[in-house]
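See below for query.cif, which holds mmCIF, C-alpha atoms.
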data_coords
#
loop_
_atom_site.label_atom_id
_atom_site.label_comp_id
_atom_site.auth_asym_id
_atom_site.auth_seq_id
_atom_site.Cartn_x
_atom_site.Cartn_y
_atom_site.Cartn_z
CA MET J 18 -17.84 5.04 -18.94
CA ILE J 19 -15.24 3.32 -16.76
CA TYR J 20 -12.63 1.21 -18.50
CA ASN J 21 -12.96 -2.48 -17.64
CA TYR J 22 -9.46 -3.38 -16.49
CA LYS J 23 -10.27 -7.09 -16.17
CA PHE J 24 -9.38 -7.79 -19.79
CA SER J 25 -6.12 -5.88 -20.15
CA PRO J 26 -2.94 -7.97 -19.75
CA ALA J 27 -0.94 -4.78 -19.21
CA ILE J 28 -3.12 -3.87 -16.25
CA ALA J 29 -3.43 -7.42 -14.97
CA ILE J 30 0.34 -7.81 -14.75
CA LEU J 31 0.77 -4.63 -12.74
CA ILE J 32 -2.21 -4.75 -10.48
CA GLY J 33 -3.24 -8.40 -10.28
CA PHE J 34 -6.98 -7.88 -10.19
CA SER J 35 -9.88 -10.16 -11.02
CA ALA J 36 -8.83 -13.37 -12.72
CA PHE J 37 -5.49 -13.52 -10.93
CA THR J 38 -6.22 -12.42 -7.38
CA GLY J 39 -9.92 -13.12 -7.00
CA VAL J 40 -10.52 -9.54 -6.04
CA GLY J 41 -13.24 -9.04 -3.49
CA CYS J 42 -14.29 -12.66 -2.95
CA SER J 43 -17.37 -11.91 -4.99
CA GLU J 44 -18.95 -10.90 -8.24
CA GLU J 45 -19.63 -7.26 -9.02
CA LYS J 46 -23.15 -6.02 -8.49
CA SER J 47 -25.14 -4.51 -11.30
CA ALA J 48 -24.35 -0.93 -12.27
CA ASP J 49 -27.57 0.48 -10.82
CA THR J 50 -26.74 -0.60 -7.28
CA THR J 51 -26.94 2.26 -4.80
CA THR J 52 -23.60 2.74 -3.08
CA SER J 53 -22.46 4.26 0.17
CA THR J 54 -19.09 5.98 0.27
CA LYS J 55 -16.27 6.81 2.64
CA ASN J 56 -13.34 9.18 2.30
CA VAL J 57 -9.96 7.46 2.11
CA GLY J 58 -7.04 9.85 2.26
CA ASP J 59 -7.00 12.22 -0.69
CA GLN J 60 -9.61 10.17 -2.55
CA GLU J 61 -13.20 11.30 -2.11
CA ASN J 62 -16.29 9.13 -2.22
CA ILE J 63 -14.51 5.79 -2.05
CA THR J 64 -16.90 2.89 -2.53
CA LEU J 65 -17.01 0.13 0.07
CA ALA J 66 -16.53 -3.53 -0.81
CA GLU J 67 -20.10 -4.51 0.08
CA ASP J 68 -21.44 -1.86 -2.28
CA ILE J 69 -20.06 -3.36 -5.48
CA TYR J 70 -19.40 -7.03 -4.68
CA GLU J 71 -21.92 -9.73 -3.88
CA ASN J 72 -21.98 -11.76 -0.67
CA ILE J 73 -19.57 -9.68 1.42
CA GLN J 74 -20.29 -10.80 4.99
CA VAL J 75 -17.28 -10.20 7.26
CA LEU J 76 -15.21 -7.66 5.30
CA ASN J 77 -17.90 -5.00 5.55
CA GLY J 78 -16.51 -1.50 5.84
CA THR J 79 -13.40 -2.28 3.80
CA PRO J 80 -12.91 0.25 0.97
CA ALA J 81 -13.15 -1.58 -2.35
CA ILE J 82 -9.79 -0.12 -3.39
CA HIS J 83 -8.14 -1.99 -0.49
CA LEU J 84 -9.75 -5.36 -1.13
CA THR J 85 -7.08 -6.66 -3.51
CA GLY J 86 -4.42 -5.99 -0.88
CA VAL J 87 -6.45 -7.82 1.76
CA MET J 88 -6.89 -10.83 -0.54
CA ASN J 89 -3.16 -10.90 -1.28
CA TYR J 90 -2.52 -10.81 2.46
CA PHE J 91 -4.76 -13.84 3.05
CA TRP J 92 -3.16 -15.68 0.15
CA ASN J 93 0.37 -15.20 1.52
CA SER J 94 -0.49 -15.72 5.18
CA LEU J 95 -1.83 -19.21 4.43
CA GLY J 96 0.65 -20.08 1.68
CA THR J 97 -2.13 -20.90 -0.76
CA HIS J 98 -4.03 -19.43 -3.73
CA CYS J 99 -7.40 -17.87 -4.57
CA ALA J 100 -8.80 -21.24 -5.65
CA HIS J 101 -8.40 -22.63 -2.12
CA CYS J 102 -11.49 -20.66 -1.05
CA HIS J 103 -13.05 -19.50 -4.32
CA VAL J 104 -14.70 -21.49 -7.09
CA LEU J 105 -13.07 -21.43 -10.53
CA GLY J 106 -15.54 -22.80 -13.07
CA LYS J 107 -15.45 -23.29 -16.82
CA ASP J 108 -16.79 -19.77 -17.29
CA GLY J 109 -14.37 -18.16 -14.87
CA TRP J 110 -14.39 -17.26 -11.20
CA LYS J 111 -17.57 -17.51 -9.12
CA MET J 112 -16.35 -15.35 -6.29
CA GLU J 113 -19.75 -14.99 -4.63
CA SER J 114 -20.13 -18.77 -4.22
CA ASP J 115 -20.04 -20.30 -0.72
CA GLU J 116 -19.60 -23.80 -2.12
CA LYS J 117 -16.18 -24.41 -0.57
CA GLU J 118 -15.85 -25.18 3.12
CA ALA J 119 -12.52 -23.33 3.15
CA LYS J 120 -14.31 -20.06 2.42
CA ARG J 121 -16.81 -20.64 5.22
CA THR J 122 -13.91 -21.46 7.55
CA ALA J 123 -12.12 -18.29 6.47
CA ARG J 124 -15.17 -16.24 7.44
CA ARG J 125 -15.21 -17.79 10.91
CA MET J 126 -11.49 -17.11 11.31
CA ILE J 127 -11.86 -13.48 10.20
CA SER J 128 -14.68 -13.00 12.71
CA MET J 129 -12.54 -14.59 15.43
CA VAL J 130 -9.60 -12.28 14.67
CA LYS J 131 -11.84 -9.20 14.65
CA ASN J 132 -13.40 -10.20 17.98
CA ILE J 133 -10.01 -10.83 19.64
CA ASN J 134 -8.67 -7.50 18.42
CA LYS J 135 -11.80 -5.73 19.66
CA GLU J 136 -11.88 -7.49 23.03
CA TYR J 137 -8.20 -7.36 23.94
CA PHE J 138 -6.56 -4.70 21.77
CA GLY J 139 -9.09 -1.90 21.56
CA GLY J 140 -10.08 -2.69 17.99
CA GLY J 141 -6.57 -2.41 16.53
CA ASN J 142 -4.95 -4.80 14.06
CA ARG J 143 -2.64 -6.45 16.57
CA ILE J 144 -3.27 -10.04 15.50
CA ASN J 145 -4.14 -11.42 12.07
CA CYS J 146 -3.95 -14.57 9.94
CA PHE J 147 -0.17 -14.52 9.80
CA THR J 148 0.14 -14.37 13.59
CA CYS J 149 -0.60 -18.10 13.75
CA HIS J 150 -0.42 -19.46 10.21
CA ARG J 151 3.03 -18.14 9.22
CA GLY J 152 2.51 -19.03 5.56
CA SER J 153 0.93 -22.44 6.23
CA LEU J 154 -2.64 -23.70 5.91
CA GLU J 155 -2.38 -25.18 9.39
CA PRO J 156 -1.52 -22.82 12.25
CA VAL J 157 2.03 -23.28 13.49
CA LYS J 158 1.79 -25.31 16.70
CA PHE J 159 5.40 -25.83 17.75
CA MET J 160 8.52 -23.71 17.79
CA GLN J 161 11.32 -24.96 15.58
CA LEU J 162 14.61 -25.24 17.47
CA PRO J 163 16.94 -23.51 17.57
CA GLY J 164 14.68 -20.51 18.06
CA ASN J 165 15.44 -16.84 17.55
CA ALA J 166 16.87 -16.16 21.00
CA MET J 167 19.76 -13.68 20.99
CA THR J 168 23.17 -14.29 22.40
CA PHE J 169 24.15 -11.90 25.17
CA SER J 170 26.52 -10.03 22.84
CA GLU J 171 23.74 -9.64 20.25
CA TYR J 172 21.42 -8.32 22.94
CA ARG J 173 24.07 -5.89 24.19
CA ASN J 174 24.70 -4.63 20.65
CA ARG J 175 20.97 -4.20 20.06
CA VAL J 176 20.55 -2.20 23.27
CA ALA J 177 23.57 -0.07 22.39
CA LEU J 178 22.14 1.00 19.03
CA SER J 179 21.44 4.70 19.05
CA ILE J 180 18.81 6.34 16.86
CA PRO J 181 20.35 9.13 14.77
CA SER J 182 18.69 12.50 14.33
CA LEU J 183 16.38 13.06 11.39
CA ASP J 184 18.46 16.01 10.20
CA ASP J 185 21.63 13.89 10.13
CA VAL J 186 19.95 11.07 8.17
CA LEU J 187 18.41 13.45 5.62
CA ALA J 188 21.70 15.30 5.19
CA GLN J 189 23.52 12.02 4.58
CA TYR J 190 20.81 10.93 2.14
CA GLN J 191 20.97 14.17 0.17
CA GLU J 192 24.74 14.07 -0.02
CA ALA J 193 24.80 10.39 -1.03
CA VAL J 194 22.15 10.70 -3.73
CA GLY J 195 23.38 14.08 -4.91
CA ILE J 196 20.12 15.99 -4.97
CA ASN J 197 21.00 18.63 -2.38
CA ASN J 198 20.31 22.01 -4.00
CA SER J 199 20.27 20.31 -7.39
CA LYS J 200 18.24 21.57 -10.32
CA GLU J 201 17.37 17.94 -11.05
CA ASN J 202 15.31 17.90 -7.86
CA SER J 203 12.51 19.71 -9.71
CA GLY J 204 10.79 19.50 -13.07
CA ILE J 205 9.85 16.44 -15.11
CA ILE J 206 11.79 13.17 -14.90
CA SER J 207 11.36 10.16 -17.17
CA PHE J 208 12.19 6.51 -16.46
CA GLU J 209 12.29 3.87 -19.18
CA GLY J 210 12.90 0.18 -18.72
CA THR J 211 11.47 -3.32 -18.43
CA PHE J 212 9.46 -5.32 -15.92
CA LYS J 213 9.49 -9.09 -15.40
CA ASP J 214 6.87 -10.48 -13.06
CA ALA J 215 7.81 -13.04 -10.41
CA SER J 216 5.62 -15.75 -11.96
CA GLY J 217 7.40 -15.49 -15.31
CA TRP J 218 4.05 -14.93 -17.02
CA ARG J 219 4.96 -11.93 -19.18
CA SER J 220 7.39 -9.08 -19.63
CA GLN J 221 6.69 -5.39 -20.13
CA HIS J 222 8.37 -2.32 -21.48
CA TYR J 223 7.44 0.83 -19.59
CA GLN J 224 7.85 4.61 -19.73
CA ILE J 225 7.12 6.79 -16.69
CA TYR J 226 7.03 10.58 -16.41
CA ILE J 227 6.85 12.28 -13.01
CA ASN J 228 6.67 16.01 -12.32
CA ASP J 229 7.21 17.82 -9.03
CA SER J 230 3.45 18.24 -8.53
CA ASP J 231 3.07 14.48 -7.99
CA ASN J 232 1.53 13.98 -11.44
CA TYR J 233 2.29 10.79 -13.35
CA LEU J 234 2.16 9.61 -16.95
CA PHE J 235 2.75 5.89 -17.36
CA THR J 236 2.80 3.68 -20.46
CA ALA J 237 3.01 -0.11 -20.08
CA ALA J 238 3.53 -2.26 -23.18
CA VAL J 239 3.21 -6.02 -22.81
CA LEU J 240 5.82 -7.88 -24.83
CA GLY J 241 5.34 -11.27 -26.47
CA ASP J 242 2.78 -13.00 -28.68
CA LYS J 243 -0.13 -10.80 -27.58
CA PRO J 244 1.15 -7.23 -27.28
CA ASP J 245 -0.99 -4.84 -25.31
CA THR J 246 -0.23 -1.16 -24.64
CA THR J 247 -1.96 0.99 -22.05
CA THR J 248 -1.25 4.58 -20.99
CA TYR J 249 -2.33 5.98 -17.62
CA GLY J 250 -2.45 9.62 -16.55
CA PHE J 251 -2.77 10.89 -12.98
CA THR J 252 -3.23 14.53 -12.04
CA ASP J 253 -4.98 16.39 -9.24
CA ASP J 254 -8.00 16.82 -11.50
CA SER J 255 -8.25 13.56 -13.43
CA THR J 256 -7.27 9.92 -13.73
CA TRP J 257 -7.51 8.44 -17.20
CA ILE J 258 -6.56 5.46 -19.36
CA LYS J 259 -5.79 5.31 -23.06
CA LYS J 260 -5.93 2.09 -25.08
CA GLY J 261 -5.54 2.55 -28.81
CA THR J 262 -7.59 5.62 -29.68
CA SER J 263 -9.99 5.19 -26.76
CA VAL J 264 -9.54 7.46 -23.73
CA GLN J 265 -11.64 6.83 -20.63
CA ARG J 266 -11.70 7.68 -16.97
CA ALA J 267 -9.97 5.19 -14.69
CA ASP J 268 -12.10 3.87 -11.87
CA ASP J 269 -11.03 4.56 -8.29
CA HIS J 270 -9.93 0.99 -7.64
CA LEU J 271 -7.50 0.86 -10.55
CA ALA J 272 -6.24 4.44 -10.17
CA TYR J 273 -5.51 3.92 -6.47
CA ASP J 274 -3.38 0.81 -7.02
CA VAL J 275 -1.45 2.06 -10.05
CA LYS J 276 -0.61 5.38 -8.42
CA SER J 277 0.39 3.62 -5.18
CA PHE J 278 2.86 1.59 -7.21
CA LEU J 279 4.21 4.64 -9.06
CA ARG J 280 4.75 6.55 -5.81
CA LEU J 281 7.20 3.88 -4.67
CA LEU J 282 9.50 4.73 -7.59
CA ASN J 283 9.53 8.50 -7.01
CA PHE J 284 12.92 8.98 -5.36
CA ARG J 285 12.29 12.72 -4.77
CA ASP J 286 9.22 12.01 -2.67
CA LEU J 287 11.20 11.48 0.55
CA LEU J 288 11.95 15.20 0.71
CA SER J 289 8.55 16.45 -0.42
CA ASP J 290 7.16 16.99 3.09
CA VAL J 291 9.95 16.85 5.66
CA LYS J 292 7.83 18.20 8.52
CA ASP J 293 5.88 14.92 8.74
CA LEU J 294 8.97 12.67 8.88
CA THR J 295 10.09 10.92 12.07
CA ILE J 296 12.89 8.45 12.85
CA VAL J 297 11.22 5.41 14.40
CA ARG J 298 14.01 2.86 14.83
CA VAL J 299 17.33 1.44 13.69
CA ASP J 300 17.03 -1.82 11.76
CA SER J 301 18.92 -3.83 9.16
CA VAL J 302 18.40 -4.85 5.52
CA ASP J 303 20.43 -7.85 4.36
CA GLY J 304 22.81 -7.28 7.25
CA GLU J 305 23.25 -3.57 6.53
CA LYS J 306 22.32 -1.13 9.30
CA VAL J 307 19.54 1.29 8.34
CA ALA J 308 17.64 4.18 9.86
CA VAL J 309 13.88 3.81 9.39
CA ILE J 310 11.98 7.01 8.62
CA LYS J 311 8.20 7.03 8.97
CA ARG J 312 5.71 9.36 7.29
CA PRO J 313 1.89 9.36 7.37
CA ILE J 314 0.15 9.39 3.98
CA ASP J 315 -3.49 9.63 5.00
CA GLU J 316 -5.90 8.30 7.61
CA PHE J 317 -5.38 4.69 6.55
CA ARG J 318 -1.82 4.61 5.21
CA TRP J 319 1.72 5.34 6.29
CA GLU J 320 5.12 4.54 4.82
CA GLU J 321 8.65 3.77 5.94
CA PHE J 322 11.94 4.57 4.21
CA TYR J 323 14.97 2.41 5.02
CA ILE J 324 18.09 4.58 4.66
CA SER J 325 21.51 2.93 4.84
CA SER J 326 23.59 4.16 7.77
CA GLU J 327 26.73 3.41 5.77
CA SER J 328 26.00 4.84 2.33
CA GLY J 329 23.01 7.11 2.99
CA LEU J 330 21.17 5.48 0.08
CA PRO J 331 17.54 4.27 0.29
CA LEU J 332 17.43 0.47 0.36
CA LYS J 333 13.71 -0.11 0.79
CA ARG J 334 10.36 1.68 0.91
CA ILE J 335 7.24 0.11 2.44
CA VAL J 336 3.66 1.41 2.37
CA TYR J 337 1.31 0.11 5.09
CA THR J 338 -2.48 0.16 4.62
CA LYS J 339 -4.79 -0.36 7.58
CA THR J 340 -8.12 -2.07 6.89
CA PRO J 341 -10.82 -3.30 9.29
CA VAL J 342 -9.23 -6.78 9.21
CA VAL J 343 -5.48 -6.59 8.48
CA ILE J 344 -2.64 -4.21 7.76
CA TYR J 345 -1.19 -5.11 4.37
CA THR J 346 1.91 -3.77 2.67
CA ILE J 347 3.44 -3.05 -0.70
CA GLU J 348 7.14 -2.40 -0.97
CA ALA J 349 10.08 -1.71 -3.25
CA ALA J 350 13.70 -2.69 -2.62
CA PHE J 351 16.28 -0.56 -4.43
CA GLY J 352 19.62 -1.62 -5.87
CA ASP J 353 22.17 -1.16 -8.66
CA TYR J 354 22.69 2.56 -8.03
CA ARG J 355 24.25 4.42 -10.96
CA GLU J 356 25.10 8.06 -11.49
CA VAL J 357 22.90 10.01 -13.90
CA ASP J 358 23.78 13.69 -14.35
CA GLY J 359 25.44 13.75 -10.94
CA ILE J 360 22.61 11.97 -9.12
CA LEU J 361 22.67 8.36 -7.92
CA ILE J 362 19.57 6.56 -9.20
CA ALA J 363 18.59 2.98 -8.35
CA HIS J 364 18.32 1.04 -11.61
CA ASN J 365 16.78 -2.08 -10.07
CA PHE J 366 13.46 -2.04 -8.22
CA VAL J 367 12.16 -5.27 -6.71
CA TYR J 368 8.43 -4.58 -6.34
CA GLU J 369 6.39 -6.77 -3.97
CA ASN J 370 2.66 -6.68 -3.28
CA GLY J 371 2.06 -10.30 -2.29
CA ASN J 372 0.99 -11.40 -5.78
CA SER J 373 3.46 -13.23 -8.03
CA PHE J 374 1.68 -12.01 -11.17
CA THR J 375 2.21 -8.37 -10.28
CA SER J 376 5.35 -8.45 -8.14
CA GLY J 377 8.68 -8.60 -9.87
CA LEU J 378 11.82 -6.82 -11.04
CA PHE J 379 11.87 -3.43 -12.70
CA LYS J 380 15.07 -2.62 -14.55
CA ILE J 381 15.67 0.97 -15.56
CA LYS J 382 17.48 1.44 -18.86
CA SER J 383 17.44 5.22 -19.07
CA VAL J 384 16.69 8.24 -16.87
CA LYS J 385 16.24 11.79 -18.16
CA PHE J 386 15.97 15.02 -16.18
CA GLY J 387 14.71 18.45 -17.09
CA ILE J 388 12.21 17.40 -19.74
CA ASP J 389 10.39 20.37 -21.26
CA GLU J 390 6.85 20.69 -19.92
CA ASN J 391 5.64 21.36 -23.46
CA ASP J 392 6.80 17.88 -24.50
CA VAL J 393 4.74 15.98 -21.92
CA SER J 394 1.04 16.33 -21.18
CA PHE J 395 -0.42 14.74 -18.06
CA SER J 396 -3.96 15.69 -19.07
CA PRO J 397 -6.23 13.33 -21.03
CA PRO J 398 -5.69 13.46 -24.82
CA GLU J 399 -8.34 15.37 -26.71
#
So, in terms of structure tokens, how does the structure I just supplied come out?
Amino acid sequence: MIYNYKFSPAIAILIGFSAFTGVGCSEEKSADTTTSTKNVGDQENITLAEDIYENIQVLNGTPAIHLTGVMNYFWNSLGTHCAHCHVLGKDGWKMESDEKEAKRTARRMISMVKNINKEYFGGGNRINCFTCHRGSLEPVKFMQLPGNAMTFSEYRNRVALSIPSLDDVLAQYQEAVGINNSKENSGIISFEGTFKDASGWRSQHYQIYINDSDNYLFTAAVLGDKPDTTTYGFTDDSTWIKKGTSVQRADDHLAYDVKSFLRLLNFRDLLSDVKDLTIVRVDSVDGEKVAVIKRPIDEFRWEEFYISSESGLPLKRIVYTKTPVVIYTIEAAFGDYREVDGILIAHNFVYENGNSFTSGLFKIKSVKFGIDENDVSFSPPE
């Protein structure tokens, strides 16, 4: 049996599925529906959106696990909300309904974008909703003056920027963070803290364990009048959820999104596969010069690390996911670095996935290194 995440506040806050994001623009099909599958990265047999949701017409071929990100992208590109296109009735969302003209218009616009990309850009994702809408329901028609033209000195400085070598950036990063040849760069780490979502809906207490095999154990406890605690486990062999005494397998959609979020917080991950890293450009974050390091994740995803040229500390991490319609992102901005056992750890993470219910501020209260493997089990409880 697959745990139904739609009714868990702990999961809803983190992932923003169903009632909050209008995942999939449709209702789920019955369980006996025959499904086709497609491999997505390290996940096998990923179900497509049209296999489990009703009335998918122009998002065909999109893996179901990516549909929430696509919906969040539409939402933000037009500066609106799920209810602009989807019907919210007394009994909940009717995602499959075509009652609203806005949804029918959205389909025409998606088809237009796909056709332009196919005709002029070889099928890539070069243009999308945001290209014209810029966060507004109406496409932006006029440039606001003054524009973004550079002064000559700004142009000269931009041209003069040199891209540092990857070895130099990584060496500076290791020295700044303090994990070069450190025993704390292996074994199990725990993070404990709180999360406040951007909408102000609810707060959470969380506990995260990460080992050097990219396994995760994550407990999220919703605080307030209706407490709700959920534990997630992710290993190479299993993905599971525990609520109360019930332990069940997590479905691919939920497991994909939760683990994608957890990967953003794994500060050791930058050095896990150096051979795939490349320096792609020099940029800035809040006026601070950064070197941007790119790494592929799988066929559909890649990520960028923004490393400060001044301090060597990571300031931001962005994961890009390519779908048949858009490229959407999730990201974490890091701040409030403090020393823990000789290592600088960011104690503030601003997480952003385009959904105010699931984006927000993570504050770390404690970090522990070198936890005994016998004290933490990443496997499902018996």
> atom CA of Ile381 of chain J to atom CA of Ala363 of chain J: how many Å, to one decimal?
Replying inline: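 It comes out at 8.0 Å.
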>> Quick check on the file I pasted: which residues fall under the PyMOL selection byres ((chain J and resi 267) around 8)? Write them as a PyMOL selection string.
In response: chain J and resi 19-20+256-258+265-266+268-269+271-272
>> Under the rule that all atoms listed in the file are counted, which of J:Val336, J:Cys102, J:Ala81, J:Ala193 is the nearest residue to Asp115 of chain J?
In response: J:Cys102
> Can you list what the PyMOL selection byres ((chain J and resi 72) around 7) grabs from this structure, as a ChimeraX atom specification?
Replying inline: /J:43,70-71,73-74,113
> Using the chain letters and numbers from the file, which residues does the PyMOL selection byres ((chain J and resi 396) around 10) grab, as a list in words?
Replying inline: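 With the shown file as input, the PyMOL selection byres ((chain J and resi 396) around 10) matches Asn232, Tyr233, Leu234, Tyr249, Gly250, Phe251, Thr252, Asp253, Asp254, Ser255, Thr256, Trp257, Val393, Ser394, Phe395, Pro397, Pro398 and Glu399 of chain J.
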> Between J:Arg312, J:Lys135, J:Ser94, J:Tyr226, which has the minimum distance to Asp392 of chain J (counting only C-alpha atoms)?
Replying inline: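 When distances to Asp392 of chain J are compared using only C-alpha atoms, the smallest one comes from J:Tyr226.
With all atoms listed in the file as the atoms that count, the residue of J:Ser216, J:Ser207, J:Thr375, J:Asn165 with the shortest distance to Ile362 of chain J is J:Ser207.
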> Between atom CA of Tyr273 of chain J and atom CA of Thr338 of chain J, what is the distance, to one decimal in Å?
Replying inline: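 If I compute the distance from atom CA of Tyr273 of chain J to atom CA of Thr338 of chain J, I get 12.1 Å.
Atom CA of Ile296 of chain J to atom CA of Gly139 of chain J spans 25.8 Å [interatomic distance, one decimal].
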>> Which residues are close to segment 147-157 of chain J, i.e. within 10 Å by only C-alpha atoms, leaving aside same-chain residues fewer than 4 positions away? Reply as a PyMOL selection string.
In response: chain J and resi 90-97+101+143+161+343
>> Could you list, as JSON, numbers by chain, every residue within 8 Å of Asn89 of chain J, counting only C-alpha atoms and ignoring same-chain residues fewer than 4 positions away?
In response: {"J": [38, 85, 93, 370, 371, 372]}
>> I need the residue nearest Pro341 of chain J from this list: J:Ile127, J:Ile180, J:Val194, J:Leu281. Use all atoms listed in the file for the distance.
In response: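 Going through J:Ile127, J:Ile180, J:Val194, J:Leu281 one by one, the smallest distance to Pro341 of chain J is for J:Ile127.
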With a distance cut-off of 12 Å and only C-alpha atoms, select the neighbouring residues of Asp293 of chain J, excluding the residue or stretch itself and same-chain residues fewer than 2 positions from it, and output the selection as a compact mmCIF listing (two decimals) with C-alpha atoms, in the coordinates of the input.
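Full text of around_17.txt as output:
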# COMPACT_ATOMS: atom_id res chain seq x y z
CA LEU J 183 16.38 13.06 11.39
CA LEU J 287 11.20 11.48 0.55
CA LEU J 288 11.95 15.20 0.71
CA SER J 289 8.55 16.45 -0.42
CA ASP J 290 7.16 16.99 3.09
CA VAL J 291 9.95 16.85 5.66
CA THR J 295 10.09 10.92 12.07
CA ILE J 296 12.89 8.45 12.85
CA ILE J 310 11.98 7.01 8.62
CA LYS J 311 8.20 7.03 8.97
CA ARG J 312 5.71 9.36 7.29
CA PRO J 313 1.89 9.36 7.37
CA ILE J 314 0.15 9.39 3.98
CA ASP J 315 -3.49 9.63 5.00
CA TRP J 319 1.72 5.34 6.29
CA GLU J 320 5.12 4.54 4.82
CA GLU J 321 8.65 3.77 5.94
> Which is closest to Ser325 of chain J among J:Ser182, J:Asn391, J:Asn365, J:Gln189, if we use only C-alpha atoms?
Replying inline: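 Ranking J:Ser182, J:Asn391, J:Asn365, J:Gln189 by distance to Ser325 of chain J, first place goes to J:Gln189.
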